[in-house]
Every structure is written in C-alpha cells, then in structure tokens.
Amino acid sequence: MSSASSSSGRCRRRVVLLRQPSREEDYEPPRRYCNHRMVASRWMAWTDGNPGQRFYGCPLYNQDGTCGFFAWHDNEFGKRAKTMIKELLDDIDKLYDENCSLRIASHGHRVGEELDSIHGELRELKRRNELYDREVRKGKNKFKLAMTLLLFTFVWLCVLYVKM
Ligand SMILES: [Zn+2]
C-alpha cells in the first residue's frame with residue numbers, strides 16, 4: 001500500500017516537528033538578554049543528549065542573523081531521567097504511528113462507503129436512462145404508426161381521385 005507508507009511518512013515528520021526546540025516567550029524573571037540586547041527566548045531542547053532541558057537563546061536561534069547567544073536554564077538531568085524521557089518520546093512516536101495507521105484505515109473505510117453510494121447512484125441513473133430510452137422508443141413507434149396511417153390514407157385518397 002504505497003499511499004499508506006507515504007501518509008505514515010507525513011506522520012513521522014510531525015513527530016520530528018514535536019522534537020524541534022519549543023520556544024517560551026514569557027518566563028519568570030530574571031530576563032536574559034542576547035548579544036543583540038534583545039530579550040532571549042527560553043527554549044526546550046529535544047535532542048537525545050539533552051531531552052527536556054531548557055536553555056536561553058537569541059530570539060533568532062537557528063535562523064539567519066542569530067548572535068549565537070546560548071545559556072542553559074536547567075542543570076543537566078541525570079542519566080536515569082534522560083533515559084526515561086527518551087523512552088517516553090519513543091512511546092509518543094509509536095502512538096503517532098498507530099494513530100496515523102488508524103486514521104488511514106478509517107479513511108479507507110469512508111472512501112469505501114462513498115464508493116458504494118456512488119455505485120448506488122450510478123445504478124439508479126442507469127435504470128432511469130433505460131426507462132427514458134423505452135419511453136423514447138415508444139414515442140418513435142407511435143410516430144411511425146401515425147406516418148404509416150397518413151401514407152396509407154394519402155395513397156387511398158390518390159386511388160379514389162384517379163378512379164373519379
Ligand atoms: Zn541575539
């Protein structure tokens with residue numbers, strides 16, 4: 001199923017997005033300032049080495065024009081805490097994948113139902129078309145009969161006229 005694998009690819013990208021550093025604009029004082037003299041934003045790191053650890057960075061962190069200001073807010077977590085956070089993140093990844101597959105499955109189910117209803121409508125249209133054809137054919141037959149009668153009357157009148 002190629003569509004399923006490409007869609008789960010979309011889901012994976014969302015997990016990657018979740019792992020991007022998250023930015024906090026409003027944090028408790030004291031405020032930190034970057035080398036631009038701008039209020040530094042506080043970010044949360046999601047790297048495997050420092051999962052969940054917060055740091056201050058230039059508001060342009062990871063962008064063009066950043067001054068490169070960087071300072072940790074949290075002390076480095078212990079090894080056990082890091083392992084646990086990593087396991088929880090892996091669980092989130094798994095849940096995302098499962099959620100994605102379920103959505104694809106239910107989408108497929110809905111498409112199936114829509115196809116069924118479209119087939120039903122097509123059958124109904126075909127039936128109406130056949131009825132219409134039959135009516136047209138009946139009409140054509142009536143017309144033929146009328147023309148034959150007219151022709152017959154005409155010939156009969158001609159014969160009468162010649163005899164007179
Ligand atoms: Zn800066």
# chains A, B, ... in the order shown; residues from 1 in each chain; ligands from 1
call {"tool": "residues_near_ligand", "arguments": {"ligand": "ligand 1", "cutoff": "7 Å", "atoms": "only C-alpha atoms and all ligand atoms", "output": "MDAnalysis selection string"}}
result
chainID A and resid 34:38 58:60 66:69
call {"tool": "residues_around", "arguments": {"residues": "region 84-92 of chain A", "least_positions_apart": "3", "cutoff": "10 Å", "atoms": "only C-alpha atoms", "output": "PyMOL selection string"}}
result
chain A and resi 15+18-19+46-52+79-81+95-98
call {"tool": "atom_distance", "arguments": {"atom1": "CA of Arg42 (chain A)", "atom2": "CA of Ser22 (chain A)"}}
result
8.3 Å
